[in-house]
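The next block holds one structure in the form of structure tokens; read it before the comments.
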Amino acid sequence: MFGLPGIMSKGVSGVDRKNRSHGTSKTNNSNKSKTLTYLLWLIGGVCGLHHFYLGRDLQGVLWWCTFGGYFGFGWLRDLFYIGEYVADANKDEKYMKKVDYMVRVHEKPPFSTVRFTGMVVVAYLFSTVVSLAIPEDNVGGLSWQWLHIFTPLAAALGVWAVGNIGHETGSLKWPLICAYLVPMVGNPLKSFIFDKWGYDIDESTSFAIMILSAAWSFDHLEKRWRPKNQKTPGTLKRIIVISMCCLLYMALWSSYLYFNAK
């Protein structure tokens with residue numbers, strides 16, 4: 001809808017810029033079919049099937065988690081971008097020249113309203129699912145409420161996942177710092193504001209501030225162009241990583257349904 005963590009960077013170095021223009025004239029012996037991509041989009045696009053076929057695993061997992069990019073919105077949008085996705089997967093010379101031009105013109109990827117919105121939506125979803133999955137009552141005589149400490153981590157991962165789609169990348173560092181910093185600073189600040197002015201900042205507002213700060217920090221402090229010389233993982237590794245992500249997401253929903261759905 002918008003292609004693991006690295007080191008914070010201000011932009012693309014001269015070496016990276018040169019690396020981005022490599023191999024555009026070489027023949028790709030495993031060209032992806034546009035017709036097959038459209039077919040996979042039609043029969044399994046809401047689960048990210050066409051993205052998995054094109055090697056866009058991260059976007060495929062997000063489509064699977066959000067049922068087609070926020071209940072089909074991203075799936076419908078893909079209909080107009082499949083041509084670009086296939087050209088990217090096949091390292092089409094004309095398409096890669098367009099990408100190289102963008103890298104030369106912009107030191108870092110320009111702001112995208114769609115991508116930023118996606119960061120916020122996915123971060124909200126992931127953090128909400130983690131929060132819902134934590135048992136409200138004691139299980140085995142123990143309270144599991146301490147697991148809420150992982151809610152900011154889920155928000156940061158949601159931001160990072162959307163931010164690393166396509167030709168853009170960035171590390172988890174600043175989204176994670178901001179996601180944890182907001183509740184650490186915000187909770188004492190909430191008490192001060194309430195005592196001083198009698199204004200109560202509710203949990204939903206604090207939640208929104210945490211997510212927006214994580215998304216802002218990635219967009220302004222972490223975002224950079226993805227180097228073209230990154231090694232592509234093998235099929236087995238891809239299957240293992242995708243399966244683990246999907247199983248973890250299903251486990252969280254299963255925990256919610258088993259312990260908290262009443």
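Residue numbers start at 1 in each chain; chains themselves are named A, B, ... in the order of the structure tokens; ligands are numbered from 1 in the order shown.
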
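Residues in contact with Ile82 (chain A) at up to 12 Å, not including ones fewer than 6 positions away on its chain and judged by only C-alpha atoms, are A:Met1, A:Lys32, A:Ser33, A:Lys34, A:Thr35, A:Leu36, A:Thr37, A:Tyr38, A:Leu39, A:Leu40, A:Trp41, A:Leu42, A:Gly45, A:His50, A:His51, A:Tyr53, A:Leu54, A:Arg56, A:Gly74, A:Trp75, A:Leu76, A:Asp88, A:Ala89.
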
- request: Enumerate, as number ranges by chain, the complete set of residues in region 14-262 of chain A that a backbone-based DSSP assignment places in helix (DSSP H, G or I).
  value: A: 14-19, 34-47, 49-53, 57-65, 67-71, 73-78, 82-89, 93-105, 113-133, 145-163, 173-197, 203-222, 235-260

message: Can you pull out the residues contacting Ile242 (chain A)? Cut-off 9 Å, using only C-alpha atoms, and skip same-chain residues under 5 positions away; I want them as a list in words.
response: Asp57, Leu58, Gly60, Val61, Lys237 and Leu247 of chain A

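By chain and then residue number, the residues within 12 Å of Leu212 (chain A) are Phe116, Thr117, Gly118, Met119, Val120, Val121, Val122, Ala123, Tyr124, Pro152, Ala155, Ala156, Gly158, Val159, Pro175, Cys178, Ala179, Val182, Thr205, Ser206, Phe207, Ala208, Trp216, Ser217, Phe218 and Asp219 of chain A, counting only C-alpha atoms and disregarding those fewer than 4 positions away in sequence.
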
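All residues of protein, DNA or RNA that reach within 12 Å of region 253-256 of chain A, judged by only C-alpha atoms and not counting those fewer than 3 positions away in the chain, are A:Cys65, A:Leu125, A:Phe126, A:Thr128, A:Val129, A:Val130, A:Ser131, A:Leu132, A:Ala133, A:Ile134, A:Pro135, A:Glu136, A:Asp137, A:Val139, A:Cys246, A:Leu247, A:Leu248, A:Tyr249, A:Met250, A:Phe259, A:Asn260, A:Ala261, A:Lys262.
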
C-alpha atoms of the current selection, written as a CSV table (one decimal), in the first residue's frame:
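In the end it all went to selection-v7.csv:
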```
chain,number,residue,atom,x,y,z
A,65,CYS,CA,-2.9,-9.1,9.2
A,125,LEU,CA,-3.8,-2.2,15.3
A,126,PHE,CA,-0.7,-4.0,16.5
A,128,THR,CA,-4.3,-2.8,20.4
A,129,VAL,CA,-4.1,-6.5,19.6
A,130,VAL,CA,-1.3,-7.0,22.1
A,131,SER,CA,-3.2,-5.1,24.7
A,132,LEU,CA,-6.4,-7.2,24.0
A,133,ALA,CA,-4.4,-10.4,24.2
A,134,ILE,CA,-3.3,-9.9,27.8
A,135,PRO,CA,-5.5,-11.8,30.2
A,136,GLU,CA,-7.6,-9.4,32.3
A,137,ASP,CA,-8.0,-12.0,35.1
A,139,VAL,CA,-4.3,-17.1,35.1
A,246,CYS,CA,1.4,-15.1,11.0
A,247,LEU,CA,1.5,-17.6,13.8
A,248,LEU,CA,2.3,-14.9,16.4
A,249,TYR,CA,-0.5,-12.7,15.1
A,250,MET,CA,-3.0,-15.6,15.3
A,259,PHE,CA,-9.2,-15.2,28.0
A,260,ASN,CA,-11.0,-11.9,27.4
A,261,ALA,CA,-13.8,-12.3,24.9
A,262,LYS,CA,-17.0,-12.4,27.0
```

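Of the listed residues A:Ala215, A:Pro183, A:Ala251, A:Glu107, the one whose atoms come nearest to Ile149 (chain A) is A:Pro183, with distances taken using only C-alpha atoms.
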
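Using only C-alpha atoms, the nearest neighbour of Phe52 (chain A) within the list A:Val162, A:Trp225, A:Trp64, A:Leu153 is A:Trp64.
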
query: Please, which residues of region 95-250 of chain A, numbered as in this document, come out strand (DSSP E or B) from DSSP, as a ChimeraX atom specification?
result: /A:139,142,168-169,224-225

Those same residues, written as a PDB file, in the first residue's frame with C-alpha atoms?
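Wrote part-v4.pdb, looks like this:
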```pdb
ATOM      1  CA  VAL A 139      -4.277 -17.092  35.116  1.00  0.00           C
ATOM      2  CA  LEU A 142      -0.735 -14.965  38.534  1.00  0.00           C
ATOM      3  CA  GLU A 168      12.384   2.955   1.777  1.00  0.00           C
ATOM      4  CA  THR A 169      13.904   1.652   4.980  1.00  0.00           C
ATOM      5  CA  ARG A 224      16.170   6.655   4.106  1.00  0.00           C
ATOM      6  CA  TRP A 225      16.510   4.975   0.720  1.00  0.00           C
TER       7      TRP A 225
END
```

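Atom pair CA of Leu176 (chain A) / CA of His106 (chain A): separated by 25.9 Å.
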